[in-house]
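What follows is a short report on a single structure.
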Amino acid sequence: MRFFCTIFLAMLLSSCWQKVDPRNPGSALATVWGYKPVYASIATAKQIIYSPTPQPVLRAGNIYAKDNLIYQVENGRGIHVIDNTVPANARRVGFLTINGCNQISIKNNFLYSNSYDDLVVIDLSDVNNIREIKRVAGAFPEGNTAYYFSQPPQAGYYECPRYDSVVTGWRMDSVKNSCYRN
Amino acid sequence: MKYFLNRLTIFVSLLLLLLASCEKDMNSVSSATGVGGSLSRFTIVGNYLYAVDDHFLYSYDISNGANPIKTGTSAINFDIETIYPFNNRLFIGTRTGLYIYSLDTPSMPSKISEARHARSCDPVVANDSIAFVTLKGSSSCGPAESGLYVHNIKNIFTPLLIRTLPMSNPEGLALNGNTLYICCNNDGLRVVNVGDPANPVITKTLTGAYFKDAIVYNNHLICFVSTGIMLYDIGSAANPVLVKTIAN
């Protein structure tokens with residue numbers, strides 16, 4: 001009897017799991033456990049803000065040195081600023097939020113970076129007023145779909161993002177298995 | 001007398017103006033641009049910003065720094081990895097080879113030559129006569145043999161592979177005169193004497209971190225490691241001395 005109960009229970013449970021062909025994820029929009037986009041409005045996501053509070057490094061990217069400062073990209077989020085005036089005492093001193101970025105170059109007081117598919121110019125001349133002074137929209141078309149958070153961090157099903165907002169992160173949730181990352 | 005004083009005032013004013021303009025020039029020369037790592041995809045040469053994405057090289061005139069103007073887009077057509085400037089050239093590392101572009105017309109770089117290789121990842125550094133490329137033949141990058149590839153570029157039109165030094169997991173690299181620093185992930189930071197580029201010799205390996213990229217700046221080596229940033233004094237180029245670790 002216990003044997004039949006087990007079989008019955010197994011059948012019952014297995015009916016909860018729907019097998020979906022990963023190569024044709026649209027074949028059945030079953031609800032599965034997967035990544036769900038965390039959205040921000042385009043206007044919010046593209047705001048550039050400098051804060052004199054160092055941030056933890058989670059997705060370290062390219063490095064850049066100029067004068068007494070070292071910069072390190074936080075992929076998809078912005079740029080860490082390190083005071084290197086005395087190398088033995090070098091330390092993080094602030095964080096420049098540039099969502100969708102992964103590059104940096106500087107000439108004089110202008111920092112050039114990318115924010116999703118835009119080229120952005122940031123004026124560094126006044127440390128109390130570091131700000132975006134120019135945005136060349138659509139400068140890097142590939143950046144629109146290839147920024148750091150455009151796909152979830154791991155393989156598996158995820159909810160296809162909407163296009164009227166920007167994805168600024170991913171969290172696990174029950175999702176329609178509309179997209180799949182290999 | 002008054003005439004003489006007037007002339008003197010004009011002369012002194014002119015002299016001051018001249019000195020002031022000198023000072024300005026020197027400042028702008030000494031600190032105009034910084035230095036990026038070898039894994040960069042943005043670089044500035046003179047009044048131009050060059051940026052690559054996976055397939056294209058974009059050129060922007062930044063004579064007016066606050067207002068970049070696009071002057072060119074070149075299709076490179078292969079998976080682009082990195083861009084490195086030296087003198088009047090751009091060295092573009094792609095997954096299928098090293099491409100050299102001329103900046104004779106800085107608004108619109110033109111391809112001079114290429115050194116093809118098996119599919120892999122490859123950052124580049126260079127000087128007047130030699131381009132150093134690391135190939136990382138890992139599963140995600142392709143099947144090439146991992147190592148340092150040395151190209152003679154004295155004839156910029158026909159780069160010549162003169163030496164391959166096998167090493168595992170090479171990634172970013174930085175050149176400091178006759179010393180080349182190669183970040184080899186968990187295998188450490190290789191210090192390589194390239195005084196004779198055809199016979200590079202590993203003289204030292206620093207371990208204890210996962211090294212990804214490095215910059216030579218102000219007598220220091222700035223290393224991007226997986227756990228943070230490590231700063232080495234390279235007053236003695238062949239013997240980096242750790243001065244600071246900034247943990248993530």
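Labeling convention for the structure tokens: chains A, B, ... as they appear, residues from 1 per chain, ligands from 1 in order of appearance.
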Write out as a tab-separated table the residues of stretch 63-153 of chain A that have any atom within 12 Å of an atom of stretch 200-222 of chain B, one row each with the nearest atom pair and its distance in Å to one decimal, counting only C-alpha atoms, sorted by chain and then rising number.
```
residue	atom	partner	partner_atom	distance
A:Ile63	CA	B:Ile215	CA	7.8
A:Tyr64	CA	B:Ile215	CA	7.7
A:Ala65	CA	B:Tyr217	CA	7.0
A:Lys66	CA	B:Tyr217	CA	8.3
A:Asp67	CA	B:Asn218	CA	8.7
A:Asn68	CA	B:Asn218	CA	9.5
A:Leu69	CA	B:Tyr217	CA	10.7
A:Ile70	CA	B:Ile222	CA	8.6
A:Tyr71	CA	B:Ile222	CA	10.7
A:Gln72	CA	B:Ile222	CA	10.9
A:Ile82	CA	B:Ile222	CA	11.6
A:Asn84	CA	B:Ile222	CA	10.2
A:Thr85	CA	B:Asn218	CA	10.8
A:Val86	CA	B:His220	CA	11.1
A:Pro87	CA	B:His220	CA	8.4
A:Ala88	CA	B:His220	CA	10.9
A:Ala90	CA	B:Ile222	CA	11.0
```
Atoms kept (N, CA and C atoms) for selection, written as a PDB file, in the first residue's frame:
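Output below, filename again-v8.pdb:
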```
ATOM      1  N   ILE A  63      39.942  49.082 -15.204  1.00  0.00           N
ATOM      2  CA  ILE A  63      40.604  50.057 -14.350  1.00  0.00           C
ATOM      3  C   ILE A  63      41.164  51.196 -15.202  1.00  0.00           C
ATOM      4  N   TYR A  64      41.342  52.362 -14.560  1.00  0.00           N
ATOM      5  CA  TYR A  64      41.841  53.545 -15.258  1.00  0.00           C
ATOM      6  C   TYR A  64      42.555  54.415 -14.234  1.00  0.00           C
ATOM      7  N   ALA A  65      43.695  54.976 -14.612  1.00  0.00           N
ATOM      8  CA  ALA A  65      44.456  55.818 -13.683  1.00  0.00           C
ATOM      9  C   ALA A  65      44.659  57.192 -14.293  1.00  0.00           C
ATOM     10  N   LYS A  66      44.432  58.228 -13.491  1.00  0.00           N
ATOM     11  CA  LYS A  66      44.725  59.584 -13.937  1.00  0.00           C
ATOM     12  C   LYS A  66      45.033  60.457 -12.722  1.00  0.00           C
ATOM     13  N   ASP A  67      46.150  61.145 -12.813  1.00  0.00           N
ATOM     14  CA  ASP A  67      46.601  61.997 -11.710  1.00  0.00           C
ATOM     15  C   ASP A  67      46.627  61.179 -10.416  1.00  0.00           C
ATOM     16  N   ASN A  68      45.956  61.662  -9.378  1.00  0.00           N
ATOM     17  CA  ASN A  68      46.026  60.963  -8.088  1.00  0.00           C
ATOM     18  C   ASN A  68      44.880  60.003  -7.859  1.00  0.00           C
ATOM     19  N   LEU A  69      44.129  59.725  -8.911  1.00  0.00           N
ATOM     20  CA  LEU A  69      42.958  58.869  -8.722  1.00  0.00           C
ATOM     21  C   LEU A  69      43.047  57.606  -9.580  1.00  0.00           C
ATOM     22  N   ILE A  70      42.474  56.537  -9.042  1.00  0.00           N
ATOM     23  CA  ILE A  70      42.274  55.310  -9.818  1.00  0.00           C
ATOM     24  C   ILE A  70      40.764  55.121  -9.907  1.00  0.00           C
ATOM     25  N   TYR A  71      40.328  54.710 -11.078  1.00  0.00           N
ATOM     26  CA  TYR A  71      38.904  54.456 -11.272  1.00  0.00           C
ATOM     27  C   TYR A  71      38.731  52.974 -11.581  1.00  0.00           C
ATOM     28  N   GLN A  72      37.668  52.380 -11.075  1.00  0.00           N
ATOM     29  CA  GLN A  72      37.361  51.004 -11.471  1.00  0.00           C
ATOM     30  C   GLN A  72      35.882  50.888 -11.767  1.00  0.00           C
ATOM     31  N   ILE A  82      39.043  55.840  -6.403  1.00  0.00           N
ATOM     32  CA  ILE A  82      40.046  55.499  -5.392  1.00  0.00           C
ATOM     33  C   ILE A  82      41.061  56.624  -5.313  1.00  0.00           C
ATOM     34  N   ASN A  84      44.557  57.795  -4.770  1.00  0.00           N
ATOM     35  CA  ASN A  84      45.876  57.152  -4.829  1.00  0.00           C
ATOM     36  C   ASN A  84      46.986  58.183  -4.605  1.00  0.00           C
ATOM     37  N   THR A  85      46.665  59.268  -3.907  1.00  0.00           N
ATOM     38  CA  THR A  85      47.656  60.322  -3.682  1.00  0.00           C
ATOM     39  C   THR A  85      48.903  59.732  -3.025  1.00  0.00           C
ATOM     40  N   VAL A  86      48.699  58.919  -1.998  1.00  0.00           N
ATOM     41  CA  VAL A  86      49.788  58.169  -1.370  1.00  0.00           C
ATOM     42  C   VAL A  86      49.442  56.695  -1.559  1.00  0.00           C
ATOM     43  N   PRO A  87      50.131  56.017  -2.503  1.00  0.00           N
ATOM     44  CA  PRO A  87      49.720  54.641  -2.818  1.00  0.00           C
ATOM     45  C   PRO A  87      49.601  53.737  -1.587  1.00  0.00           C
ATOM     46  N   ALA A  88      50.486  53.922  -0.617  1.00  0.00           N
ATOM     47  CA  ALA A  88      50.424  53.052   0.560  1.00  0.00           C
ATOM     48  C   ALA A  88      49.139  53.270   1.354  1.00  0.00           C
ATOM     49  N   ALA A  90      46.197  54.188  -0.322  1.00  0.00           N
ATOM     50  CA  ALA A  90      45.129  54.279  -1.319  1.00  0.00           C
ATOM     51  C   ALA A  90      43.841  53.678  -0.764  1.00  0.00           C
TER      52      ALA A  90
END
```
Output the contact residues of chain A with respect to chain B at a cut-off of 10 Å, based on only C-alpha atoms, as a PDB file with C-alpha atoms, in the first residue's frame.
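And here's result-v6.pdb as it stands now:
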```pdb
ATOM      1  CA  GLN A  55      30.402  51.155  -2.370  1.00  0.00           C
ATOM      2  CA  PRO A  56      31.278  47.454  -2.187  1.00  0.00           C
ATOM      3  CA  VAL A  57      32.753  45.970  -5.361  1.00  0.00           C
ATOM      4  CA  LEU A  58      30.485  43.253  -6.728  1.00  0.00           C
ATOM      5  CA  ARG A  59      31.086  43.137 -10.490  1.00  0.00           C
ATOM      6  CA  ALA A  60      34.574  44.558 -10.914  1.00  0.00           C
ATOM      7  CA  GLY A  61      35.475  45.862 -14.346  1.00  0.00           C
ATOM      8  CA  ASN A  62      38.067  47.936 -16.169  1.00  0.00           C
ATOM      9  CA  ILE A  63      40.604  50.057 -14.350  1.00  0.00           C
ATOM     10  CA  TYR A  64      41.841  53.545 -15.258  1.00  0.00           C
ATOM     11  CA  ALA A  65      44.456  55.818 -13.683  1.00  0.00           C
ATOM     12  CA  LYS A  66      44.725  59.584 -13.937  1.00  0.00           C
ATOM     13  CA  ASP A  67      46.601  61.997 -11.710  1.00  0.00           C
ATOM     14  CA  ASN A  68      46.026  60.963  -8.088  1.00  0.00           C
ATOM     15  CA  LEU A  69      42.958  58.869  -8.722  1.00  0.00           C
ATOM     16  CA  ILE A  70      42.274  55.310  -9.818  1.00  0.00           C
ATOM     17  CA  TYR A  71      38.904  54.456 -11.272  1.00  0.00           C
ATOM     18  CA  GLN A  72      37.361  51.004 -11.471  1.00  0.00           C
ATOM     19  CA  ILE A  82      40.046  55.499  -5.392  1.00  0.00           C
ATOM     20  CA  ASN A  84      45.876  57.152  -4.829  1.00  0.00           C
ATOM     21  CA  VAL A  86      49.788  58.169  -1.370  1.00  0.00           C
ATOM     22  CA  PRO A  87      49.720  54.641  -2.818  1.00  0.00           C
ATOM     23  CA  ALA A  88      50.424  53.052   0.560  1.00  0.00           C
ATOM     24  CA  ASN A  89      47.220  54.698   1.821  1.00  0.00           C
ATOM     25  CA  ALA A  90      45.129  54.279  -1.319  1.00  0.00           C
ATOM     26  CA  ARG A  91      41.441  53.827  -0.557  1.00  0.00           C
ATOM     27  CA  ARG A  92      37.995  54.053  -2.122  1.00  0.00           C
ATOM     28  CA  ASN A 102      31.354  49.203 -18.525  1.00  0.00           C
ATOM     29  CA  GLN A 103      33.918  51.637 -19.981  1.00  0.00           C
ATOM     30  CA  ILE A 104      35.851  54.722 -18.949  1.00  0.00           C
ATOM     31  CA  SER A 105      38.279  57.199 -20.446  1.00  0.00           C
ATOM     32  CA  ILE A 106      39.192  60.695 -19.300  1.00  0.00           C
ATOM     33  CA  LYS A 107      40.588  63.804 -20.925  1.00  0.00           C
ATOM     34  CA  ASN A 108      41.172  66.913 -18.848  1.00  0.00           C
ATOM     35  CA  ASN A 109      38.138  67.133 -16.583  1.00  0.00           C
ATOM     36  CA  PHE A 110      35.777  65.196 -18.810  1.00  0.00           C
ATOM     37  CA  LEU A 111      35.026  61.552 -18.112  1.00  0.00           C
ATOM     38  CA  TYR A 112      33.604  59.542 -21.012  1.00  0.00           C
ATOM     39  CA  SER A 113      31.589  56.425 -20.349  1.00  0.00           C
ATOM     40  CA  ASN A 114      28.716  54.423 -21.729  1.00  0.00           C
ATOM     41  CA  LEU A 119      27.781  57.879 -24.750  1.00  0.00           C
ATOM     42  CA  VAL A 120      27.897  60.098 -21.665  1.00  0.00           C
ATOM     43  CA  VAL A 121      30.219  62.950 -20.744  1.00  0.00           C
ATOM     44  CA  ILE A 122      30.645  63.732 -17.064  1.00  0.00           C
ATOM     45  CA  ASP A 123      32.224  66.957 -15.821  1.00  0.00           C
ATOM     46  CA  GLU A 132      26.433  64.703 -16.686  1.00  0.00           C
ATOM     47  CA  ILE A 133      26.936  67.468 -19.206  1.00  0.00           C
ATOM     48  CA  LYS A 134      26.249  65.567 -22.400  1.00  0.00           C
ATOM     49  CA  ARG A 135      24.532  62.386 -23.499  1.00  0.00           C
ATOM     50  CA  VAL A 136      24.833  61.141 -27.077  1.00  0.00           C
ATOM     51  CA  ALA A 139      25.894  56.046 -29.775  1.00  0.00           C
ATOM     52  CA  PHE A 140      26.463  52.311 -29.218  1.00  0.00           C
ATOM     53  CA  PRO A 141      23.452  50.434 -30.601  1.00  0.00           C
ATOM     54  CA  GLU A 142      24.687  47.080 -29.283  1.00  0.00           C
ATOM     55  CA  GLY A 143      24.585  48.503 -25.765  1.00  0.00           C
ATOM     56  CA  ALA A 146      24.112  43.820 -24.316  1.00  0.00           C
TER      57      ALA A 146
END
```
Please return, as a VMD selection string, all residues of stretch 19-154 of chain A that DSSP assigns to strand (DSSP E) on the basis of the backbone.
chain A and resid 31 to 40 49 to 51 60 to 66 69 to 74 78 to 83 91 to 97 104 to 107 110 to 115 118 to 123 131 to 136
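Among the candidates B:Ser74, B:Ser129, B:Thr158, B:Thr94, the one nearest to B:Pro109 when counting only C-alpha atoms is B:Ser74.
Nearest-residue note for B:Val191: choosing from B:Ile92, B:Met167, B:Ala238, B:Ile156, the minimum distance belongs to B:Ala238, counting only C-alpha atoms.
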Check stretch 27-89 of chain B with DSSP on the backbone and list each residue it calls alpha helix (DSSP H), as JSON, numbers by chain.
{"B": [27, 28, 29, 30, 31]}
Using N, CA and C atoms, can you export the residues from the last selection as a PDB file, in the first residue's frame?
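Saved to out-v1.pdb:
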```
ATOM      1  N   ASN B  27      50.753  72.330 -18.478  1.00  0.00           N
ATOM      2  CA  ASN B  27      49.749  71.638 -17.686  1.00  0.00           C
ATOM      3  C   ASN B  27      48.904  70.716 -18.538  1.00  0.00           C
ATOM      4  N   SER B  28      48.453  71.238 -19.661  1.00  0.00           N
ATOM      5  CA  SER B  28      47.537  70.434 -20.463  1.00  0.00           C
ATOM      6  C   SER B  28      48.260  69.227 -21.053  1.00  0.00           C
ATOM      7  N   VAL B  29      49.550  69.356 -21.311  1.00  0.00           N
ATOM      8  CA  VAL B  29      50.291  68.218 -21.850  1.00  0.00           C
ATOM      9  C   VAL B  29      50.497  67.153 -20.784  1.00  0.00           C
ATOM     10  N   SER B  30      50.834  67.601 -19.551  1.00  0.00           N
ATOM     11  CA  SER B  30      51.201  66.630 -18.540  1.00  0.00           C
ATOM     12  C   SER B  30      50.015  65.833 -18.024  1.00  0.00           C
ATOM     13  N   SER B  31      48.805  66.366 -18.108  1.00  0.00           N
ATOM     14  CA  SER B  31      47.723  65.658 -17.443  1.00  0.00           C
ATOM     15  C   SER B  31      46.445  65.586 -18.265  1.00  0.00           C
TER      16      SER B  31
END
```
Env of A:Arg181: 10 Å cut, atoms = only C-alpha atoms, seq-sep filter 5 positions within chain, self excluded. Answer as a list of chain:residue names.
A:Pro22, A:Arg23, A:Gln151, A:Pro152, A:Pro153, A:Gln154, A:Ala155, A:Gly156, A:Tyr157, A:Tyr158
Would you pick out the contacts of B:Ile153 at 12 Å or less, using only C-alpha atoms, so that residues sharing its chain but fewer than 6 positions from it are not included, and give the list as a CSV table (one decimal) with N, CA and C atoms, in the first residue's frame?
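around03.csv written:
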```
chain,number,residue,atom,x,y,z
B,89,ARG,N,48.8,54.9,-33.9
B,89,ARG,CA,48.1,53.6,-34.3
B,89,ARG,C,47.1,53.2,-33.2
B,91,PHE,N,45.7,49.5,-31.9
B,91,PHE,CA,45.8,48.1,-31.9
B,91,PHE,C,44.5,47.5,-31.4
B,98,LEU,N,44.8,40.3,-34.5
B,98,LEU,CA,45.2,41.6,-34.1
B,98,LEU,C,45.1,42.5,-35.4
B,99,TYR,N,44.3,43.6,-35.2
B,99,TYR,CA,44.1,44.5,-36.3
B,99,TYR,C,44.8,45.9,-36.0
B,100,ILE,N,45.6,46.4,-36.9
B,100,ILE,CA,46.3,47.6,-36.7
B,100,ILE,C,45.7,48.7,-37.6
B,112,ILE,N,45.5,49.2,-41.5
B,112,ILE,CA,46.7,49.0,-42.2
B,112,ILE,C,47.0,47.5,-42.4
B,113,SER,N,46.8,46.7,-41.3
B,113,SER,CA,47.2,45.3,-41.4
B,113,SER,C,46.6,44.5,-40.3
B,114,GLU,N,46.8,43.2,-40.4
B,114,GLU,CA,46.2,42.3,-39.4
B,114,GLU,C,47.1,41.1,-39.3
B,115,ALA,N,47.1,40.6,-38.1
B,115,ALA,CA,47.8,39.3,-37.8
B,115,ALA,C,46.8,38.3,-37.3
B,125,VAL,N,49.5,45.0,-26.0
B,125,VAL,CA,50.2,46.2,-25.8
B,125,VAL,C,51.3,46.3,-26.8
B,126,ALA,N,51.9,47.5,-27.1
B,126,ALA,CA,52.8,47.6,-28.2
B,126,ALA,C,53.8,48.8,-27.9
B,127,ASN,N,54.9,48.7,-28.6
B,127,ASN,CA,55.8,49.9,-28.7
B,127,ASN,C,56.1,50.1,-30.1
B,128,ASP,N,57.2,50.9,-30.4
B,128,ASP,CA,57.5,51.2,-31.8
B,128,ASP,C,57.6,50.0,-32.7
B,129,SER,N,58.2,48.9,-32.2
B,129,SER,CA,58.6,47.8,-33.1
B,129,SER,C,58.0,46.5,-32.8
B,130,ILE,N,57.4,46.4,-31.6
B,130,ILE,CA,56.9,45.1,-31.2
B,130,ILE,C,55.4,45.2,-30.6
B,131,ALA,N,54.6,44.3,-31.0
B,131,ALA,CA,53.3,44.2,-30.4
B,131,ALA,C,53.2,42.9,-29.6
B,132,PHE,N,52.8,43.0,-28.3
B,132,PHE,CA,52.7,41.8,-27.5
B,132,PHE,C,51.2,41.5,-27.3
B,159,PRO,N,52.8,42.5,-40.1
B,159,PRO,CA,53.3,42.1,-38.8
B,159,PRO,C,53.8,40.6,-38.9
B,160,LEU,N,54.8,40.4,-38.2
B,160,LEU,CA,55.5,39.1,-38.3
B,160,LEU,C,55.5,38.4,-36.9
B,161,LEU,N,54.9,37.2,-36.8
B,161,LEU,CA,55.0,36.5,-35.5
B,161,LEU,C,56.4,36.0,-35.3
B,162,ILE,N,57.1,36.5,-34.2
B,162,ILE,CA,58.5,36.1,-34.1
B,162,ILE,C,58.7,35.2,-32.9
B,197,PRO,N,63.1,41.0,-27.5
B,197,PRO,CA,61.7,40.6,-27.7
B,197,PRO,C,61.5,39.2,-28.3
```
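Considering the residues A:Gly34, A:Gly169, A:Pro161, A:Gly100 and counting only C-alpha atoms, A:Asn144 has its shortest atom-to-atom contact with A:Gly100.
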Tell me which protein, DNA and RNA residues are within 7 Å of stretch 94-99 of chain A, counting only C-alpha atoms, leaving out same-chain ones fewer than 5 positions away, and put them as a PyMOL selection string.
chain A and resi 45-46+48-55+76-81+115
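Picture a line from atom CA of A:Leu29 to atom CA of A:Cys160; it runs 11.6 Å.
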